[in-house]
Every structure is written in C-alpha cells, then in structure tokens.
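Enquirer: So here's final.cif (mmCIF, C-alpha atoms and all ligand atoms).
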data_input
loop_
_atom_site.label_atom_id
_atom_site.label_comp_id
_atom_site.auth_asym_id
_atom_site.auth_seq_id
_atom_site.Cartn_x
_atom_site.Cartn_y
_atom_site.Cartn_z
CA MET A 1 3.34 -0.22 22.95
CA TYR A 2 4.29 -0.44 19.27
CA ALA A 3 3.75 3.31 18.76
CA GLU A 4 6.14 4.01 21.62
CA LEU A 5 8.67 1.50 20.36
CA LEU A 6 8.59 2.65 16.75
CA SER A 7 9.00 6.32 17.62
CA ARG A 8 12.14 5.39 19.55
CA VAL A 9 13.39 3.27 16.66
CA VAL A 10 13.05 6.35 14.45
CA ASP A 11 15.10 8.47 16.91
CA ASP A 12 17.65 5.69 17.10
CA LEU A 13 17.97 5.61 13.30
CA VAL A 14 18.41 9.36 13.13
CA HIS A 15 21.11 9.26 15.80
CA GLY A 16 23.04 6.34 14.27
CA GLY A 17 22.07 3.72 16.90
CA PRO A 18 21.95 -0.08 16.44
CA SER A 19 18.79 0.06 14.31
CA VAL A 20 20.96 1.45 11.48
CA VAL A 21 22.78 -1.88 11.21
CA VAL A 22 19.64 -3.97 11.66
CA LEU A 23 17.68 -2.07 8.98
CA ALA A 24 20.61 -1.68 6.53
CA GLY A 25 19.45 -2.32 2.97
CA HIS A 26 15.82 -1.51 3.80
CA GLU A 27 16.17 2.28 3.75
CA ASP A 28 14.04 2.60 0.60
CA ASP A 29 11.47 -0.11 1.29
CA PRO A 30 8.03 1.16 0.25
CA GLY A 31 5.60 2.16 3.00
CA PRO A 32 2.99 -0.55 2.30
CA SER A 33 5.66 -3.24 2.82
CA ALA A 34 5.29 -2.36 6.53
CA LEU A 35 8.96 -2.46 7.49
CA GLY A 36 8.07 -1.36 11.04
CA LEU A 37 5.73 -4.34 11.51
CA ARG A 38 8.29 -6.68 9.98
CA LEU A 39 10.89 -5.48 12.49
CA LEU A 40 8.51 -5.73 15.44
CA GLY A 41 7.24 -9.15 14.30
CA SER A 42 10.79 -10.43 14.11
CA VAL A 43 11.60 -9.19 17.60
CA HIS A 44 8.33 -10.58 19.00
CA ARG A 45 9.26 -13.93 17.51
CA LEU A 46 12.60 -13.86 19.40
CA VAL A 47 10.70 -13.08 22.61
CA LEU A 48 8.28 -15.98 21.98
CA GLN A 49 11.22 -18.29 21.26
CA ARG A 50 12.78 -17.32 24.61
CA ARG A 51 15.77 -15.82 22.80
CA ALA A 52 15.30 -12.36 24.31
CA ALA A 53 15.04 -12.92 28.05
CA GLU A 54 15.72 -9.35 29.13
CA LEU A 55 13.12 -7.91 26.76
CA ALA A 56 10.51 -10.58 27.58
CA VAL A 57 9.99 -8.95 30.98
CA TYR A 58 8.23 -6.12 29.10
CA TYR A 59 6.16 -8.22 26.65
CA PRO A 60 2.57 -8.90 27.87
CA SER A 61 2.26 -11.84 25.43
CA VAL A 62 4.70 -13.81 27.61
CA GLY A 63 3.52 -12.49 30.96
CA GLY A 64 5.56 -9.28 31.07
CA THR A 65 4.41 -5.71 31.64
CA TRP A 66 5.02 -3.01 29.05
CA ASP A 67 6.90 0.04 30.27
CA VAL A 68 8.70 2.17 27.74
CA ASP A 69 11.39 3.39 30.13
CA GLY A 70 12.63 -0.13 30.73
CA GLY A 71 11.36 -1.74 27.53
CA TRP A 72 13.03 0.53 25.01
CA PRO A 73 16.58 0.15 26.43
CA ALA A 74 16.07 -3.65 26.47
CA PHE A 75 14.80 -3.54 22.87
CA ARG A 76 17.77 -1.42 21.81
CA ARG A 77 20.24 -3.79 23.50
CA LEU A 78 18.66 -6.71 21.63
CA LEU A 79 19.21 -4.88 18.32
CA ALA A 80 22.83 -4.21 19.28
CA GLU A 81 23.58 -7.71 20.53
CA GLN A 82 21.62 -9.87 18.04
CA PRO A 83 21.37 -7.89 14.78
CA ASP A 84 21.58 -11.00 12.60
CA ALA A 85 18.84 -12.77 14.51
CA VAL A 86 16.53 -9.76 14.07
CA ARG A 87 17.38 -9.50 10.38
CA GLU A 88 16.41 -13.15 9.77
CA TRP A 89 12.71 -12.23 9.45
CA LEU A 90 12.98 -8.78 7.89
CA ASP A 91 12.38 -10.06 4.36
CA ARG A 92 9.12 -11.84 5.28
CA PRO A 93 5.76 -10.11 4.78
CA PRO A 94 3.74 -9.81 8.01
CA GLN A 95 1.39 -12.82 8.03
CA THR A 96 -1.71 -12.67 10.14
CA ASN A 97 -4.80 -14.83 10.23
CA GLU A 98 -7.36 -12.81 12.14
CA VAL A 99 -9.85 -15.08 13.87
CA GLY A 100 -12.11 -12.16 14.86
CA ARG A 101 -13.04 -11.65 11.19
CA ALA A 102 -15.03 -14.88 11.41
CA GLY A 103 -17.54 -12.83 13.40
CA ALA A 104 -18.34 -10.71 10.36
CA LEU A 105 -18.34 -13.67 7.97
CA VAL A 106 -20.52 -16.01 10.04
CA GLY A 107 -22.89 -13.11 10.72
CA GLY A 108 -23.06 -12.61 6.96
CA LEU A 109 -24.21 -16.22 6.52
CA LEU A 110 -26.95 -15.65 9.09
CA HIS A 111 -28.53 -13.23 6.62
CA LEU A 112 -29.33 -16.08 4.23
CA ASP A 113 -32.97 -16.97 3.67
CA ASP A 114 -34.26 -20.43 4.64
CA GLU A 115 -34.00 -21.89 1.15
CA LEU A 116 -30.27 -21.16 1.12
CA ARG A 117 -29.68 -22.68 4.53
CA LEU A 118 -28.40 -26.04 3.31
CA PRO A 119 -25.20 -27.69 4.57
CA VAL A 120 -22.38 -25.30 3.61
CA ARG A 121 -19.38 -26.12 1.43
CA LEU A 122 -16.94 -23.36 2.33
CA PHE A 123 -14.21 -22.09 0.00
CA GLU A 124 -11.90 -19.27 1.09
CA ILE A 125 -9.39 -17.33 -1.01
CA GLY A 126 -6.40 -15.75 0.78
CA ALA A 127 -7.04 -18.04 3.75
CA SER A 128 -3.54 -17.69 5.32
CA GLY A 129 -3.50 -20.41 8.00
CA GLY A 130 -7.12 -21.38 7.26
CA LEU A 131 -8.32 -20.74 10.82
CA ASN A 132 -11.56 -19.10 9.70
CA LEU A 133 -12.46 -22.25 7.77
CA LEU A 134 -13.27 -23.57 11.26
CA ALA A 135 -15.69 -20.76 12.03
CA ASP A 136 -18.71 -23.09 12.36
CA ARG A 137 -16.96 -24.42 15.47
CA PHE A 138 -16.65 -20.97 17.10
CA CYS A 139 -19.12 -19.46 19.55
CA LEU A 140 -20.19 -15.90 18.78
CA VAL A 141 -21.74 -13.62 21.35
CA ASP A 142 -23.61 -10.47 20.36
CA ALA A 143 -23.84 -7.20 22.30
CA THR A 144 -26.98 -8.40 24.13
CA GLY A 145 -25.29 -11.62 25.28
CA SER A 146 -27.14 -13.91 22.82
CA THR A 147 -24.92 -16.67 21.51
CA HIS A 148 -24.54 -18.44 18.18
CA GLY A 149 -22.76 -21.79 18.43
CA ASP A 150 -21.76 -24.00 21.32
CA PRO A 151 -21.08 -21.85 24.41
CA ALA A 152 -18.42 -24.42 25.38
CA ALA A 153 -16.57 -23.90 22.06
CA ALA A 154 -12.80 -23.42 22.22
CA VAL A 155 -13.00 -20.14 20.35
CA LEU A 156 -15.29 -17.48 21.78
CA LEU A 157 -15.86 -14.24 19.84
CA GLU A 158 -17.33 -11.74 22.26
CA ASP A 159 -19.13 -8.55 21.24
CA ALA A 160 -19.22 -9.97 17.72
CA TRP A 161 -22.40 -8.24 16.57
CA ARG A 162 -24.27 -5.03 17.25
CA GLY A 163 -27.34 -3.51 15.69
CA ARG A 164 -30.16 -5.54 14.20
CA PRO A 165 -30.43 -9.03 15.78
CA LEU A 166 -29.69 -11.89 13.39
CA ARG A 167 -31.94 -14.86 12.68
CA PRO A 168 -30.45 -17.94 14.40
CA TRP A 169 -29.11 -20.84 12.32
CA PRO A 170 -28.23 -23.48 14.92
CA GLU A 171 -27.66 -26.19 12.30
CA LEU A 172 -25.03 -24.18 10.42
CA ARG A 173 -22.28 -26.68 9.52
CA PHE A 174 -19.43 -26.65 7.05
CA VAL A 175 -19.36 -29.99 5.28
CA GLU A 176 -16.29 -28.99 3.27
CA ARG A 177 -13.58 -26.53 4.28
CA VAL A 178 -11.04 -25.67 1.63
CA GLY A 179 -8.95 -22.54 1.23
CA CYS A 180 -6.09 -21.28 -0.86
CA ASP A 181 -3.24 -18.85 -0.31
CA LEU A 182 -0.17 -17.84 -2.28
CA ARG A 183 1.82 -18.21 0.96
CA PRO A 184 -0.21 -20.52 3.20
CA VAL A 185 0.86 -20.84 6.83
CA ASP A 186 0.71 -24.36 8.23
CA ALA A 187 -1.18 -23.63 11.44
CA ARG A 188 -0.54 -27.19 12.60
CA SER A 189 3.24 -26.77 12.62
CA THR A 190 5.38 -25.14 15.31
CA GLU A 191 6.83 -22.76 12.74
CA GLY A 192 3.38 -21.78 11.47
CA ARG A 193 2.01 -21.18 14.95
CA LEU A 194 5.02 -19.05 15.76
CA THR A 195 4.56 -17.01 12.58
CA LEU A 196 0.89 -16.26 13.24
CA THR A 197 1.53 -15.41 16.89
CA ALA A 198 4.57 -13.21 16.25
CA TYR A 199 2.63 -10.76 14.06
CA VAL A 200 -0.10 -10.19 16.63
CA TRP A 201 0.77 -7.17 18.74
CA PRO A 202 2.02 -8.36 22.15
CA ASP A 203 -0.22 -6.04 24.16
CA GLN A 204 -3.47 -7.27 22.57
CA PRO A 205 -4.39 -10.20 24.83
CA GLY A 206 -7.86 -10.71 23.32
CA ARG A 207 -6.45 -11.31 19.83
CA LEU A 208 -3.72 -13.57 21.20
CA ASP A 209 -6.25 -15.66 23.14
CA ARG A 210 -8.50 -16.08 20.13
CA LEU A 211 -5.55 -17.07 17.99
CA ARG A 212 -4.19 -19.62 20.50
CA ASN A 213 -7.61 -21.22 20.90
CA ALA A 214 -8.12 -21.41 17.14
CA LEU A 215 -4.63 -22.91 16.70
CA ASP A 216 -5.60 -25.63 19.21
CA LEU A 217 -8.82 -26.30 17.31
CA ALA A 218 -6.86 -26.53 14.06
CA GLN A 219 -4.99 -29.54 15.47
CA ARG A 220 -8.24 -31.46 15.79
CA GLU A 221 -10.52 -30.41 12.94
CA PRO A 222 -10.00 -31.30 9.28
CA TYR A 223 -9.51 -28.52 6.72
CA GLU A 224 -7.16 -27.83 3.84
CA VAL A 225 -5.35 -24.73 2.56
CA ARG A 226 -3.87 -25.15 -0.93
CA ARG A 227 -0.84 -23.22 -2.12
CA GLN A 228 -2.60 -21.57 -5.04
CA GLY A 229 -3.59 -18.15 -6.37
CA ALA A 230 -7.16 -16.99 -5.93
CA ALA A 231 -8.10 -17.10 -9.63
CA ASP A 232 -6.89 -20.68 -10.21
CA PHE A 233 -8.58 -21.80 -7.02
CA ALA A 234 -11.88 -20.13 -7.90
CA ASP A 235 -11.76 -21.65 -11.38
CA ALA A 236 -11.81 -25.13 -9.90
CA ILE A 237 -14.87 -24.57 -7.67
CA GLU A 238 -17.98 -26.43 -8.84
CA LEU A 239 -21.47 -26.33 -7.36
CA CYS A 240 -23.01 -29.40 -5.81
CA GLU A 241 -26.65 -30.41 -5.28
CA GLY A 242 -27.94 -30.47 -1.71
CA ALA A 243 -25.38 -27.94 -0.42
CA THR A 244 -24.90 -24.19 -0.43
CA THR A 245 -21.49 -23.42 -1.92
CA VAL A 246 -19.95 -20.35 -0.26
CA LEU A 247 -16.90 -18.45 -1.49
CA TRP A 248 -15.74 -16.03 1.19
CA HIS A 249 -12.73 -13.84 1.81
CA SER A 250 -11.47 -11.20 4.21
CA VAL A 251 -8.87 -8.45 3.80
CA MET A 252 -7.17 -10.05 0.81
CA TRP A 253 -8.77 -8.45 -2.29
CA GLN A 254 -6.31 -5.52 -2.26
CA TYR A 255 -3.42 -7.93 -2.81
CA LEU A 256 -4.79 -9.24 -6.12
CA CYS A 257 -3.69 -7.55 -9.33
CA ARG A 258 -6.51 -6.16 -11.50
CA ASP A 259 -6.37 -9.14 -13.86
CA GLU A 260 -6.72 -11.61 -11.02
CA GLN A 261 -9.57 -9.59 -9.48
CA ALA A 262 -11.32 -9.65 -12.85
CA ALA A 263 -10.76 -13.39 -13.24
CA VAL A 264 -12.18 -14.17 -9.78
CA SER A 265 -15.14 -11.86 -10.38
CA ALA A 266 -15.85 -13.54 -13.72
CA ARG A 267 -15.78 -16.97 -12.09
CA ILE A 268 -18.14 -15.78 -9.35
CA ALA A 269 -20.58 -14.50 -11.99
CA ALA A 270 -20.35 -17.80 -13.89
CA LEU A 271 -21.04 -19.84 -10.74
CA GLY A 272 -23.96 -17.52 -9.99
CA GLU A 273 -25.45 -18.30 -13.40
CA GLN A 274 -25.14 -22.04 -12.79
CA ALA A 275 -26.78 -21.84 -9.36
CA THR A 276 -30.25 -23.34 -8.84
CA ARG A 277 -32.51 -23.78 -5.82
CA LYS A 278 -30.94 -27.22 -5.27
CA MET A 279 -27.39 -25.90 -5.56
CA PRO A 280 -27.22 -22.27 -4.43
CA PHE A 281 -24.09 -20.15 -4.48
CA VAL A 282 -23.04 -17.35 -2.13
CA HIS A 283 -20.23 -14.81 -2.37
CA LEU A 284 -19.48 -13.14 0.97
CA SER A 285 -16.68 -10.75 1.84
CA LEU A 286 -15.25 -8.53 4.53
CA GLU A 287 -13.00 -6.09 2.72
CA PRO A 288 -11.94 -2.46 3.05
CA THR A 289 -14.32 -0.87 0.57
CA ARG A 290 -15.48 2.62 -0.43
CA ARG A 291 -19.25 3.12 -0.56
CA THR A 292 -18.74 5.95 -3.04
CA PRO A 293 -15.69 6.86 -5.15
CA GLY A 294 -13.53 9.13 -3.02
CA GLY A 295 -15.33 8.11 0.20
CA PRO A 296 -13.41 6.66 3.15
CA HIS A 297 -12.45 2.99 3.32
CA GLU A 298 -14.79 1.00 5.54
CA PHE A 299 -14.64 -2.68 6.43
CA LEU A 300 -17.91 -3.65 4.79
CA VAL A 301 -19.61 -7.03 4.90
CA VAL A 302 -21.05 -7.64 1.44
CA ILE A 303 -23.09 -10.60 0.23
CA GLU A 304 -24.46 -11.76 -3.07
CA SER A 305 -26.44 -14.97 -3.44
CA TRP A 306 -27.86 -17.02 -6.28
CA PRO A 307 -30.23 -18.12 -7.76
CA GLY A 308 -31.08 -14.49 -8.34
CA GLU A 309 -34.67 -13.97 -7.27
CA PRO A 310 -35.93 -13.23 -4.69
CA THR A 311 -32.68 -13.15 -2.70
CA GLY A 312 -30.32 -11.88 -5.38
CA GLY A 313 -28.37 -8.67 -5.71
CA ARG A 314 -25.25 -7.40 -4.03
CA ARG A 315 -26.11 -6.21 -0.53
CA ILE A 316 -24.05 -4.33 2.03
CA LEU A 317 -25.00 -6.05 5.28
CA GLY A 318 -23.05 -3.98 7.74
CA SER A 319 -19.73 -2.51 8.67
CA SER A 320 -17.00 -3.96 10.77
CA VAL A 321 -13.50 -3.04 11.91
CA GLY A 322 -10.07 -4.24 10.77
CA HIS A 323 -9.98 -7.19 13.11
CA GLY A 324 -13.65 -8.07 12.67
CA LEU A 325 -15.07 -7.39 16.15
CA PRO A 326 -17.61 -5.93 16.41
CA THR A 327 -19.65 -5.86 13.23
CA THR A 328 -22.63 -3.52 13.22
CA TRP A 329 -25.49 -4.75 11.02
CA ALA A 330 -27.30 -2.17 8.94
C1 LIG B 1 -4.02 -9.78 5.25
S1 LIG B 1 -3.94 -11.50 4.96
C2 LIG B 1 -5.58 -11.98 5.42
C3 LIG B 1 -5.64 -13.43 5.74
C4 LIG B 1 -7.03 -13.93 6.14
N1 LIG B 1 -7.97 -13.78 5.06
C5 LIG B 1 -7.54 -13.19 7.36
O1 LIG B 1 -8.48 -12.38 7.22
O2 LIG B 1 -7.01 -13.39 8.46
C6 LIG B 1 -3.99 -11.59 3.16
C7 LIG B 1 -3.67 -12.98 2.63
O3 LIG B 1 -3.86 -12.99 1.22
C8 LIG B 1 -2.88 -13.82 0.64
N2 LIG B 1 -2.77 -13.52 -0.80
C9 LIG B 1 -2.20 -12.44 -1.37
N3 LIG B 1 -2.30 -12.51 -2.71
C10 LIG B 1 -2.98 -13.65 -3.00
C11 LIG B 1 -3.41 -14.28 -4.22
N4 LIG B 1 -3.15 -13.73 -5.40
N5 LIG B 1 -4.07 -15.43 -4.12
C12 LIG B 1 -4.33 -16.00 -2.91
N6 LIG B 1 -3.94 -15.46 -1.74
C13 LIG B 1 -3.27 -14.31 -1.78
C14 LIG B 1 -1.65 -13.51 1.47
O4 LIG B 1 -0.66 -14.50 1.35
C15 LIG B 1 -2.23 -13.40 2.88
O5 LIG B 1 -2.22 -14.65 3.54
#
Starting from the file, give its structure as structure tokens.
Expert:
Amino acid sequence: MYAELLSRVVDDLVHGGPSVVVLAGHEDDPGPSALGLRLLGSVHRLVLQRRAAELAVYYPSVGGTWDVDGGWPAFRRLLAEQPDAVREWLDRPPQTNEVGRAGALVGGLLHLDDELRLPVRLFEIGASGGLNLLADRFCLVDATGSTHGDPAAAVLLEDAWRGRPLRPWPELRFVERVGCDLRPVDARSTEGRLTLTAYVWPDQPGRLDRLRNALDLAQREPYEVRRQGAADFADAIELCEGATTVLWHSVMWQYLCRDEQAAVSARIAALGEQATRKMPFVHLSLEPTRRTPGGPHEFLVVIESWPGEPTGGRRILGSSVGHGLPTTWA
C-alpha cells in the first residue's frame, strides 16, 4: 500500500501536483530522516482522527479496503484540501514502539542458566513508549505451538521463535520496569497512543493488533519511561542482591553518537565487573549488526552475562527480523 502511494506521490511531485505545496521546504531533507514515512504517518493520523473520511474508506486500519485506483485520488485530494493539516506532523521523527521485538528479547532471557534466573529488574534504553517493559505479561508462541506465558494474556506474539526449542522459565517476572528515551511517548495518553498507531503501516493488521493490546495493558500495569539519554540513564543503574539486573535495548543503538555508545558500553563493562552470583547482570540486545566488517546487516540477538564464568562472554543467540517476529535461534 505504501509503495503504491509513495510512487504516486513522486509522480505528483514531478508533475507539480498538491504534494509540492505539502512538502515545500523539505526538498533537501536527508534520506534517513524518512520524509516519506513522516508524510504517510501524518496522513494516517488524520485518518485515525476521523479527519479524512473519504480516504478512510481505503485504510484497512479503520476497516477500509486498500485499492490504489480509488485510494490515490482520495489521498491526493486530501493533500490539496488540507495541506496545513498534513504539514503539522512533517517535522516529527517517525516514532514506533514495536511490540513484536519483545519476542526476541524475552527469548534471549530464556537462554539464561538457572543461577541467573532470579527475579528480573529490567532497564531499557531507547524505550519509546515503554511497551516492551511489559513483556513478562505477554504470551509468546513458538513455531511448534508451545507457549511461554499466560495463554490468556492480552498480548499474544505468534510464531515468535523458530529453531532450537528454549528452556521454559514460567516464573519469569519483572520486579522493576524502568526505561529511558530522549523523546518518550506517553503510551497512556490519547496523543501518545495516536502517535504510536499512526506510524504503523495501515495494512499490517497483526502489528496494529499487537500494539492496541499492549496499549491497553499499559493502562493497567506499572512502568516508567524517563526522559533521559541512554548514557545518563545507564550511569544511574546499580545492581541489587537477590535479583538479576537486565539492561536491554532494541533498534536504538544506531541513534547514539559514538561518544554515547562508548559511555554506555563502559558502564555495561563496569556493572559486569561488579556482578556476583547474588547480583548478576545481563546485557541483551536486538540490533541491526554485521557479523563481519562489510557483511550485511542482520537483526541479531546478542547476550552477555556476568559474573563471567561459566556463563560469560558475548554470544550471538539468533537472528530476527526488523519487527522481531520470528526469531530463529542458532
Ligand atoms: C526505532 S525506535 C525503537 C524504540 C523501541 N526500542 C522499539 O524497539 O520499539 C528508537 C528510539 O530510540 C530513542 N533514542 C534515540 N537516541 C537516544 C538516546 N541518545 N538516548 C535514549 N533514547 C534515544 C528514540 O527517541 C526512539 O524512541
């Protein structure tokens, strides 16, 4: 749907249509700023707000059916009739909080040995709306149909895992859930829910369902996302006896400058040195990573745990996909 829409937006730009006015001033925006997704997110938000009735007929996220022959003219008319409304969100970065990535992260925790399976204090950098801080409340189903978590859970992650079966950890609980983000989204507010929904592509019902169910859960379960950079947040983490302290993150490392990456890595190493059997520490990530310099980017699940022996060392556990489902364990 978005490929079809964006290719018509390009034609429209070339032929001097209404997108010229809407995108004025953004002609030289750099590619990674994802102008196309900012435009589409802004329009999706108008559809979700019921401010684009004609176009809504074509948006599956509100019960419509996508059809480019009808959808593109309706999209174009919206640009022509409400250019200022569309421009309102063009300066915002796309903000997503992908619930499916919890599949990779929870699966990573299931690789921990028994002595590290204490109650978990979870810390997340780049947590966005903090929805994955609630991952111990999700139910994950692997390719064979085996489940982890309460099958009646609000959030169900199907086809979460493939490959080697994981060792169950039914008692897995997060006794603390704290995240940080430079631009946190308040998932408990109407505005925050709208933001997170608008940037999910309207013809991806599975992602939209997972997000809606996690947003409902967020109304009921306690967690906190601080407005703070990753390095300052990591600096303040301390270990605690009787609990496994976990620092996890997904698809955020690329946004840190080199200095901040180095500062977070140094703090992780320092916490690792402080870790003991009574207060273990785990660093777990799902990030686009190259296995070898020059190799392709893969969404790898990587874990390191302390105290060092016998569990220590950085281990690639498996590879996932951008939205986290499925993860294939090595
Ligand atoms: C692509 S989103 C991923 C959000 C979430 N981790 C997920 O997987 O759904 C990246 C997040 O990193 C945040 N971010 C970028 N730079 C940051 C920094 N220096 N410190 C903390 N968060 C940062 C952004 O605001 C954004 O919410």
Enquirer: Neighbours of ligand LIG 1 (chain B) within 6 Å, counting all atoms listed in the file, as JSON, numbers by chain?
Expert: {"A": [96, 97, 98, 125, 126, 127, 128, 180, 181, 182, 183, 229, 230, 249, 250, 251, 252, 255, 256]}
Enquirer: Tell me which protein, DNA and RNA residues are within 10 Å of segment 12-27 of chain A, counting all atoms listed in the file, leaving out same-chain ones fewer than 3 positions away, and put them as a list in words.
Expert: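 Residues meeting the cut-off are Leu6, Ser7, Arg8, Val9, Pro30, Leu35, Gly36, Leu39, Arg76, Arg77, Leu78, Leu79, Ala80, Glu81, Gln82, Pro83, Asp84, Ala85, Val86, Arg87, Glu88, Leu90 and Asp91 of chain A.
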Enquirer: As lines of an AutoDock Vina configuration file, what would the box around segment 267-278 of chain A look like: edges along x, y and z, 6 Å added on every side, centre and edge lengths in Å to one decimal?
Expert:
center_x = -24.1
center_y = -20.9
center_z = -9.6
size_x = 28.7
size_y = 24.7
size_z = 20.6
Enquirer: Find the spatial neighbours of His111 of chain A, counting all atoms listed in the file, within a cut-off of 9 Å - ignore same-chain residues fewer than 5 positions away - and output them as a PyMOL selection string.
Expert: chain A and resi 166-167+303+317
Enquirer: Write out as a PyMOL selection string the residues lying within 8 Å of segment 209-224 of chain A, counting all atoms listed in the file and excluding same-chain residues fewer than 5 positions away.
Expert: chain A and resi 98-100+130-131+133-134+154-157+176-179+187-188+193+197
Enquirer: Please dump the current selection as a compact mmCIF listing (two decimals), keeping the file's coordinate frame; keep C-alpha atoms.
Expert:
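So the final result, stored in out10.txt, reads:
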# COMPACT_ATOMS: atom_id res chain seq x y z
CA GLU A 98 -7.36 -12.81 12.14
CA VAL A 99 -9.85 -15.08 13.87
CA GLY A 100 -12.11 -12.16 14.86
CA GLY A 130 -7.12 -21.38 7.26
CA LEU A 131 -8.32 -20.74 10.82
CA LEU A 133 -12.46 -22.25 7.77
CA LEU A 134 -13.27 -23.57 11.26
CA ALA A 154 -12.80 -23.42 22.22
CA VAL A 155 -13.00 -20.14 20.35
CA LEU A 156 -15.29 -17.48 21.78
CA LEU A 157 -15.86 -14.24 19.84
CA GLU A 176 -16.29 -28.99 3.27
CA ARG A 177 -13.58 -26.53 4.28
CA VAL A 178 -11.04 -25.67 1.63
CA GLY A 179 -8.95 -22.54 1.23
CA ALA A 187 -1.18 -23.63 11.44
CA ARG A 188 -0.54 -27.19 12.60
CA ARG A 193 2.01 -21.18 14.95
CA THR A 197 1.53 -15.41 16.89
Enquirer: For Gly318 of chain A, which residue out of A:Gly145, A:Arg164, A:Gly272, A:Leu172 is the nearest one, using all atoms listed in the file?
Expert: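 Of all the options, A:Arg164 lies closest to Gly318 of chain A.
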Enquirer: Restricting the calculation to only C-alpha atoms, which member of A:Asp235, A:Trp161, A:Gly103, A:Glu4 is positioned closest to Ala330 of chain A?
Expert: A:Trp161
Enquirer: Calculate how many Å separate atom CA of Pro119 of chain A from atom CA of Pro288 of chain A, rounding to one decimal.
Expert: 28.5 Å
Enquirer: Mind writing segment 196-208 of chain A to a file for me, with N, CA and C atoms, as a PDB file, in the first residue's frame?
Expert:
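Listing of result_11.pdb after writing:
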ATOM      1  N   LEU A 196       1.837   6.408  18.301  1.00  0.00           N
ATOM      2  CA  LEU A 196       2.371   5.063  18.069  1.00  0.00           C
ATOM      3  C   LEU A 196       1.567   4.317  17.015  1.00  0.00           C
ATOM      4  N   THR A 197       0.268   4.572  16.961  1.00  0.00           N
ATOM      5  CA  THR A 197      -0.582   3.882  15.979  1.00  0.00           C
ATOM      6  C   THR A 197      -0.361   4.460  14.582  1.00  0.00           C
ATOM      7  N   ALA A 198      -0.203   5.767  14.497  1.00  0.00           N
ATOM      8  CA  ALA A 198      -0.122   6.423  13.185  1.00  0.00           C
ATOM      9  C   ALA A 198       1.085   5.954  12.380  1.00  0.00           C
ATOM     10  N   TYR A 199       2.188   5.589  13.071  1.00  0.00           N
ATOM     11  CA  TYR A 199       3.394   5.201  12.331  1.00  0.00           C
ATOM     12  C   TYR A 199       3.448   3.714  12.004  1.00  0.00           C
ATOM     13  N   VAL A 200       2.443   2.967  12.444  1.00  0.00           N
ATOM     14  CA  VAL A 200       2.348   1.575  11.969  1.00  0.00           C
ATOM     15  C   VAL A 200       1.639   1.616  10.621  1.00  0.00           C
ATOM     16  N   TRP A 201       2.105   0.828   9.676  1.00  0.00           N
ATOM     17  CA  TRP A 201       1.522   0.866   8.340  1.00  0.00           C
ATOM     18  C   TRP A 201       0.105   0.304   8.383  1.00  0.00           C
ATOM     19  N   PRO A 202      -0.843   1.028   7.753  1.00  0.00           N
ATOM     20  CA  PRO A 202      -2.272   0.720   7.939  1.00  0.00           C
ATOM     21  C   PRO A 202      -2.696  -0.646   7.427  1.00  0.00           C
ATOM     22  N   ASP A 203      -1.889  -1.259   6.553  1.00  0.00           N
ATOM     23  CA  ASP A 203      -2.284  -2.566   6.014  1.00  0.00           C
ATOM     24  C   ASP A 203      -1.516  -3.698   6.697  1.00  0.00           C
ATOM     25  N   GLN A 204      -1.064  -3.462   7.937  1.00  0.00           N
ATOM     26  CA  GLN A 204      -0.377  -4.515   8.702  1.00  0.00           C
ATOM     27  C   GLN A 204      -1.180  -4.810   9.963  1.00  0.00           C
ATOM     28  N   PRO A 205      -2.288  -5.574   9.810  1.00  0.00           N
ATOM     29  CA  PRO A 205      -3.218  -5.752  10.931  1.00  0.00           C
ATOM     30  C   PRO A 205      -2.592  -6.441  12.140  1.00  0.00           C
ATOM     31  N   GLY A 206      -1.633  -7.357  11.896  1.00  0.00           N
ATOM     32  CA  GLY A 206      -1.009  -8.065  13.025  1.00  0.00           C
ATOM     33  C   GLY A 206      -0.276  -7.091  13.938  1.00  0.00           C
ATOM     34  N   ARG A 207       0.497  -6.185  13.339  1.00  0.00           N
ATOM     35  CA  ARG A 207       1.239  -5.199  14.144  1.00  0.00           C
ATOM     36  C   ARG A 207       0.269  -4.269  14.869  1.00  0.00           C
ATOM     37  N   LEU A 208      -0.786  -3.868  14.183  1.00  0.00           N
ATOM     38  CA  LEU A 208      -1.755  -2.954  14.805  1.00  0.00           C
ATOM     39  C   LEU A 208      -2.452  -3.622  15.987  1.00  0.00           C
TER      40      LEU A 208
END
